[in-house]
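Trainee: This is the structure I want to talk about, given as structure tokens.
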Amino acid sequence: ESAYATVIIPLNDPNEYEGGLYVQSGASSNTRRHVPFTTAGDAVLHKYDVMHGVNVQSGKERCSLVLWFGENEESVKSKTVPWVIREAKSSVHAAFLFAFNSQHGLLGFNRDLEIAKQYYGWASRR
């Protein structure tokens with residue numbers, strides 16, 4: 001839950017299974033759009049704010065290489081997420097992560113249940 005960006009690379013032929021990676025533009029599953037990989041080794045890069053998931057309906061197992069990236073070298077070394085702090089008032093996803101990290105005292109956040117409650121509330125109303 002701390003990646004600034006993610007790369008997903010299918011390692012087996014995407015034609016061996018039905019479904020796979022999707023992106024979603026809203027809360028409803030009706031907004032899901034399948035990401036059409038053509039061949040093993042294709043790649044997709046997305047930032048933290050892209051709602052996504054995986055749904056394999058049939059066929060062989062789906063096998064992928066997933067790479068998670070921090071915002072910069074310092075954030076990786078310090079195990080912090082400056083983008084969460086910077087984006088928490090404008091991004092629902094960042095607000096949720098701000099709340100979660102505040103609730104549990106993770107990734108450089110002080111444990112603060114009141115702050116967590118505020119950010120969970122803000123994120124849930126969006």
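Labels for the structure tokens follow display order: chains A, B, ..., residues from 1 in each chain, ligands from 1.
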For Gly20 of chain A, list every protein, DNA or RNA residue within 8 Å, evaluated using only C-alpha atoms, and leave out those in the same chain fewer than 4 positions away; present the list as a ChimeraX atom specification.
Mentor: /A:34-35,54-56,62
Trainee: Take the residues just selected and output them with N, CA and C atoms as a PDB file, in the first residue's frame.
Mentor:
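The file below, part20.pdb, is the result:
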```
ATOM      1  N   HIS A  34     -11.208  -4.054 -18.972  1.00  0.00           N
ATOM      2  CA  HIS A  34     -10.120  -5.022 -19.084  1.00  0.00           C
ATOM      3  C   HIS A  34      -8.900  -4.360 -19.724  1.00  0.00           C
ATOM      4  N   VAL A  35      -7.707  -4.646 -19.217  1.00  0.00           N
ATOM      5  CA  VAL A  35      -6.466  -4.155 -19.813  1.00  0.00           C
ATOM      6  C   VAL A  35      -6.002  -5.206 -20.819  1.00  0.00           C
ATOM      7  N   VAL A  54      -7.712  -7.763 -10.347  1.00  0.00           N
ATOM      8  CA  VAL A  54      -7.532  -8.901 -11.228  1.00  0.00           C
ATOM      9  C   VAL A  54      -8.746  -9.807 -11.089  1.00  0.00           C
ATOM     10  N   ASN A  55      -9.242 -10.266 -12.230  1.00  0.00           N
ATOM     11  CA  ASN A  55     -10.354 -11.201 -12.237  1.00  0.00           C
ATOM     12  C   ASN A  55     -10.120 -12.185 -13.378  1.00  0.00           C
ATOM     13  N   VAL A  56      -9.669 -13.382 -13.050  1.00  0.00           N
ATOM     14  CA  VAL A  56      -9.460 -14.429 -14.052  1.00  0.00           C
ATOM     15  C   VAL A  56     -10.655 -15.369 -13.973  1.00  0.00           C
ATOM     16  N   ARG A  62      -2.869 -17.296 -14.243  1.00  0.00           N
ATOM     17  CA  ARG A  62      -2.257 -16.066 -14.709  1.00  0.00           C
ATOM     18  C   ARG A  62      -1.013 -15.850 -13.868  1.00  0.00           C
TER      19      ARG A  62
END
```
Trainee: As a ChimeraX atom specification, please: the residues near His52 of chain A (cut-off 9 Å, only C-alpha atoms, same-chain neighbours under 4 positions excluded).
Mentor: /A:21-25,32
Trainee: Hey, can you spit out that residue selection with N, CA, C and O atoms as a PDB file, in the first residue's frame?
Mentor:
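Ended up saving to part-v3.pdb:
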```pdb
ATOM      1  N   LEU A  21      -6.137  -8.403 -15.607  1.00  0.00           N
ATOM      2  CA  LEU A  21      -6.064  -7.072 -15.010  1.00  0.00           C
ATOM      3  C   LEU A  21      -7.185  -6.181 -15.550  1.00  0.00           C
ATOM      4  O   LEU A  21      -7.487  -6.200 -16.742  1.00  0.00           O
ATOM      5  N   TYR A  22      -7.790  -5.413 -14.653  1.00  0.00           N
ATOM      6  CA  TYR A  22      -8.761  -4.408 -15.069  1.00  0.00           C
ATOM      7  C   TYR A  22      -8.491  -3.110 -14.331  1.00  0.00           C
ATOM      8  O   TYR A  22      -7.845  -3.091 -13.289  1.00  0.00           O
ATOM      9  N   VAL A  23      -8.952  -2.019 -14.900  1.00  0.00           N
ATOM     10  CA  VAL A  23      -8.956  -0.719 -14.233  1.00  0.00           C
ATOM     11  C   VAL A  23     -10.405  -0.330 -14.037  1.00  0.00           C
ATOM     12  O   VAL A  23     -11.294  -0.798 -14.758  1.00  0.00           O
ATOM     13  N   GLN A  24     -10.636   0.528 -13.064  1.00  0.00           N
ATOM     14  CA  GLN A  24     -12.007   0.857 -12.687  1.00  0.00           C
ATOM     15  C   GLN A  24     -12.084   2.346 -12.398  1.00  0.00           C
ATOM     16  O   GLN A  24     -11.281   2.867 -11.624  1.00  0.00           O
ATOM     17  N   SER A  25     -13.046   3.029 -13.000  1.00  0.00           N
ATOM     18  CA  SER A  25     -13.136   4.481 -12.855  1.00  0.00           C
ATOM     19  C   SER A  25     -14.098   4.942 -11.763  1.00  0.00           C
ATOM     20  O   SER A  25     -14.175   6.134 -11.479  1.00  0.00           O
ATOM     21  N   ARG A  32     -15.575  -1.200 -14.701  1.00  0.00           N
ATOM     22  CA  ARG A  32     -14.345  -1.955 -14.966  1.00  0.00           C
ATOM     23  C   ARG A  32     -14.082  -2.072 -16.467  1.00  0.00           C
ATOM     24  O   ARG A  32     -14.987  -2.336 -17.238  1.00  0.00           O
TER      25      ARG A  32
END
```
Trainee: Go through A:Ala43, A:Ala123, A:Val81, A:Val92 and flag the residue nearest Leu106 of chain A, using only C-alpha atoms for the distances.
Mentor: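 Looking only at the distances to Leu106 of chain A, the closest residue turns out to be A:Val81.
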Trainee: Give the alpha helix (DSSP H) residues of segment 2-89 of chain A, as DSSP finds them on the backbone, and put them as number ranges by chain.
Mentor: A: 73-78, 82-87
Trainee: Find the residue from A:Gly19, A:Ala116, A:Pro36, A:Lys89 that sits nearest to Asn101 of chain A; use only C-alpha atoms when measuring.
Mentor: A:Ala116
Trainee: How far is it from atom CA of Lys79 of chain A to atom CA of Cys63 of chain A, in Å with one decimal?
Mentor: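 Distance between the two atoms: 27.8 Å.
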Trainee: Find the residues around Ile8 of chain A up to 8 Å (only C-alpha atoms counted), leave out those fewer than 6 positions away in its own chain, and share them as a list in words.
Mentor: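 The filter keeps Ala43, Val44, Leu45, Ser64, Leu65, Val66 and Leu67 of chain A.
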Trainee: Keeping only C-alpha atoms, write those residues as a PDB file, in the first residue's frame.
Mentor:
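Everything below was put into out.pdb:
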```pdb
ATOM      1  CA  ALA A  43       3.808  -4.097 -19.583  1.00  0.00           C
ATOM      2  CA  VAL A  44       1.491  -1.544 -18.038  1.00  0.00           C
ATOM      3  CA  LEU A  45       2.541   1.249 -15.683  1.00  0.00           C
ATOM      4  CA  SER A  64       2.728 -11.845 -13.650  1.00  0.00           C
ATOM      5  CA  LEU A  65       5.774  -9.930 -12.566  1.00  0.00           C
ATOM      6  CA  VAL A  66       4.742  -6.949 -10.450  1.00  0.00           C
ATOM      7  CA  LEU A  67       7.166  -4.137  -9.635  1.00  0.00           C
TER       8      LEU A  67
END
```
Trainee: Would you give me, as a list in words, the residues in segment 34-81 of chain A that DSSP reads as strand (DSSP E)?
Mentor: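 Residues meeting the strand (DSSP E) criterion: His34, Val44, Leu45, His46, Lys47, Met51, His52, Gly53, Val54, Asn55, Val56, Gln57, Ser58, Gly59, Ser64, Leu65, Val66, Leu67, Trp68 and Phe69 of chain A.
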Trainee: Just the selected residues (all heavy atoms), exported as a short mmCIF file (atom, residue, chain, number, x, y, z; two decimals), in the first residue's frame, please.
Mentor:
```cif
data_model
loop_
_atom_site.label_atom_id
_atom_site.label_comp_id
_atom_site.auth_asym_id
_atom_site.auth_seq_id
_atom_site.Cartn_x
_atom_site.Cartn_y
_atom_site.Cartn_z
N HIS A 34 -11.21 -4.05 -18.97
CA HIS A 34 -10.12 -5.02 -19.08
C HIS A 34 -8.90 -4.36 -19.72
O HIS A 34 -9.04 -3.58 -20.67
CB HIS A 34 -10.60 -6.21 -19.92
CG HIS A 34 -9.57 -7.27 -20.08
ND1 HIS A 34 -8.87 -7.44 -21.24
CD2 HIS A 34 -9.11 -8.20 -19.22
CE1 HIS A 34 -8.03 -8.44 -21.10
NE2 HIS A 34 -8.15 -8.92 -19.88
N VAL A 44 2.32 -2.71 -18.31
CA VAL A 44 1.49 -1.54 -18.04
C VAL A 44 2.04 -0.88 -16.78
O VAL A 44 2.47 -1.56 -15.84
CB VAL A 44 -0.01 -1.91 -17.88
CG1 VAL A 44 -0.25 -2.78 -16.69
CG2 VAL A 44 -0.87 -0.66 -17.83
N LEU A 45 2.08 0.44 -16.80
CA LEU A 45 2.54 1.25 -15.68
C LEU A 45 1.38 2.12 -15.23
O LEU A 45 0.69 2.72 -16.07
CB LEU A 45 3.71 2.14 -16.13
CG LEU A 45 4.11 3.29 -15.21
CD1 LEU A 45 4.76 2.77 -13.93
CD2 LEU A 45 5.05 4.25 -15.93
N HIS A 46 1.13 2.15 -13.93
CA HIS A 46 0.10 3.05 -13.43
C HIS A 46 0.52 3.66 -12.10
O HIS A 46 1.31 3.08 -11.36
CB HIS A 46 -1.26 2.36 -13.31
CG HIS A 46 -1.32 1.27 -12.30
ND1 HIS A 46 -1.51 1.53 -10.96
CD2 HIS A 46 -1.23 -0.07 -12.41
CE1 HIS A 46 -1.52 0.38 -10.30
NE2 HIS A 46 -1.35 -0.61 -11.16
N LYS A 47 0.00 4.84 -11.83
CA LYS A 47 0.24 5.51 -10.56
C LYS A 47 -0.71 4.96 -9.50
O LYS A 47 -1.65 4.24 -9.79
CB LYS A 47 0.02 7.02 -10.70
CG LYS A 47 1.23 7.76 -11.19
CD LYS A 47 1.00 9.25 -11.34
CE LYS A 47 0.42 9.92 -10.12
NZ LYS A 47 0.26 11.36 -10.23
N MET A 51 -7.60 2.84 -9.68
CA MET A 51 -8.26 1.68 -9.07
C MET A 51 -8.13 0.52 -10.04
O MET A 51 -8.41 0.66 -11.24
CB MET A 51 -9.73 1.98 -8.78
CG MET A 51 -9.94 2.95 -7.65
SD MET A 51 -11.66 3.03 -7.09
CE MET A 51 -12.49 3.68 -8.52
N HIS A 52 -7.72 -0.63 -9.53
CA HIS A 52 -7.47 -1.77 -10.39
C HIS A 52 -7.64 -3.06 -9.61
O HIS A 52 -7.75 -3.06 -8.39
CB HIS A 52 -6.06 -1.69 -10.98
CG HIS A 52 -4.99 -1.75 -9.94
ND1 HIS A 52 -4.67 -0.67 -9.14
CD2 HIS A 52 -4.17 -2.75 -9.55
CE1 HIS A 52 -3.71 -1.00 -8.31
NE2 HIS A 52 -3.38 -2.27 -8.52
N GLY A 53 -7.65 -4.14 -10.34
CA GLY A 53 -7.76 -5.45 -9.71
C GLY A 53 -7.53 -6.53 -10.76
O GLY A 53 -7.22 -6.23 -11.91
N VAL A 54 -7.71 -7.76 -10.35
CA VAL A 54 -7.53 -8.90 -11.23
C VAL A 54 -8.75 -9.81 -11.09
O VAL A 54 -9.20 -10.08 -9.98
CB VAL A 54 -6.25 -9.69 -10.88
CG1 VAL A 54 -6.15 -10.96 -11.69
CG2 VAL A 54 -5.03 -8.81 -11.10
N ASN A 55 -9.24 -10.27 -12.23
CA ASN A 55 -10.35 -11.20 -12.24
C ASN A 55 -10.12 -12.19 -13.38
O ASN A 55 -10.31 -11.85 -14.54
CB ASN A 55 -11.68 -10.45 -12.42
CG ASN A 55 -12.87 -11.38 -12.34
OD1 ASN A 55 -12.74 -12.54 -11.99
ND2 ASN A 55 -14.03 -10.86 -12.68
N VAL A 56 -9.67 -13.38 -13.05
CA VAL A 56 -9.46 -14.43 -14.05
C VAL A 56 -10.66 -15.37 -13.97
O VAL A 56 -10.89 -15.99 -12.95
CB VAL A 56 -8.14 -15.19 -13.82
CG1 VAL A 56 -7.99 -16.33 -14.81
CG2 VAL A 56 -6.96 -14.23 -13.92
N GLN A 57 -11.42 -15.44 -15.07
CA GLN A 57 -12.64 -16.24 -15.07
C GLN A 57 -12.40 -17.70 -15.46
O GLN A 57 -13.06 -18.59 -14.95
CB GLN A 57 -13.69 -15.63 -16.01
CG GLN A 57 -14.27 -14.36 -15.49
CD GLN A 57 -13.86 -13.16 -16.32
OE1 GLN A 57 -13.37 -13.28 -17.42
NE2 GLN A 57 -14.04 -11.98 -15.76
N SER A 58 -11.50 -17.94 -16.41
CA SER A 58 -11.29 -19.32 -16.85
C SER A 58 -9.94 -19.44 -17.53
O SER A 58 -9.30 -18.45 -17.87
CB SER A 58 -12.39 -19.75 -17.82
OG SER A 58 -12.35 -18.96 -18.99
N GLY A 59 -9.50 -20.67 -17.74
CA GLY A 59 -8.24 -20.93 -18.42
C GLY A 59 -7.14 -21.28 -17.43
O GLY A 59 -7.39 -21.58 -16.26
N SER A 64 2.25 -13.18 -13.31
CA SER A 64 2.73 -11.84 -13.65
C SER A 64 3.90 -11.45 -12.78
O SER A 64 4.03 -11.90 -11.64
CB SER A 64 1.62 -10.80 -13.44
OG SER A 64 0.53 -11.05 -14.28
N LEU A 65 4.72 -10.59 -13.32
CA LEU A 65 5.77 -9.93 -12.57
C LEU A 65 5.23 -8.56 -12.20
O LEU A 65 4.78 -7.82 -13.07
CB LEU A 65 7.05 -9.80 -13.41
CG LEU A 65 8.19 -8.98 -12.81
CD1 LEU A 65 8.71 -9.64 -11.54
CD2 LEU A 65 9.30 -8.80 -13.84
N VAL A 66 5.25 -8.23 -10.92
CA VAL A 66 4.74 -6.95 -10.45
C VAL A 66 5.89 -6.21 -9.77
O VAL A 66 6.55 -6.76 -8.89
CB VAL A 66 3.56 -7.14 -9.47
CG1 VAL A 66 3.04 -5.79 -9.00
CG2 VAL A 66 2.45 -7.95 -10.12
N LEU A 67 6.11 -4.98 -10.20
CA LEU A 67 7.17 -4.14 -9.63
C LEU A 67 6.52 -2.91 -9.00
O LEU A 67 5.70 -2.24 -9.62
CB LEU A 67 8.13 -3.68 -10.73
CG LEU A 67 8.77 -4.79 -11.57
CD1 LEU A 67 9.48 -4.19 -12.77
CD2 LEU A 67 9.71 -5.61 -10.73
N TRP A 68 6.87 -2.64 -7.76
CA TRP A 68 6.35 -1.48 -7.05
C TRP A 68 7.48 -0.47 -6.89
O TRP A 68 8.60 -0.83 -6.52
CB TRP A 68 5.82 -1.87 -5.68
CG TRP A 68 4.61 -2.74 -5.74
CD1 TRP A 68 3.33 -2.36 -5.99
CD2 TRP A 68 4.58 -4.16 -5.54
NE1 TRP A 68 2.49 -3.45 -5.96
CE2 TRP A 68 3.24 -4.57 -5.68
CE3 TRP A 68 5.53 -5.13 -5.25
CZ2 TRP A 68 2.83 -5.88 -5.54
CZ3 TRP A 68 5.14 -6.45 -5.12
CH2 TRP A 68 3.81 -6.80 -5.26
N PHE A 69 7.17 0.80 -7.14
CA PHE A 69 8.17 1.86 -7.08
C PHE A 69 7.78 2.91 -6.05
O PHE A 69 6.61 3.30 -5.97
CB PHE A 69 8.31 2.55 -8.45
CG PHE A 69 8.85 1.65 -9.50
CD1 PHE A 69 8.02 0.87 -10.29
CD2 PHE A 69 10.22 1.57 -9.71
CE1 PHE A 69 8.52 0.03 -11.26
CE2 PHE A 69 10.74 0.72 -10.68
CZ PHE A 69 9.89 -0.05 -11.45
#
```
Trainee: Report, in Å with one decimal, the straight-line distance from atom CA of Leu11 of chain A to atom CA of Glu73 of chain A.
Mentor: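 Value for the atom CA of Leu11 of chain A-atom CA of Glu73 of chain A distance: 27.5 Å.
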Trainee: Provide the atom CA of Ser124 of chain A to atom CA of Val76 of chain A distance in Å, to one decimal place.
Mentor: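 Taking atom CA of Ser124 of chain A as the start and atom CA of Val76 of chain A as the end point, the length is 28.5 Å.
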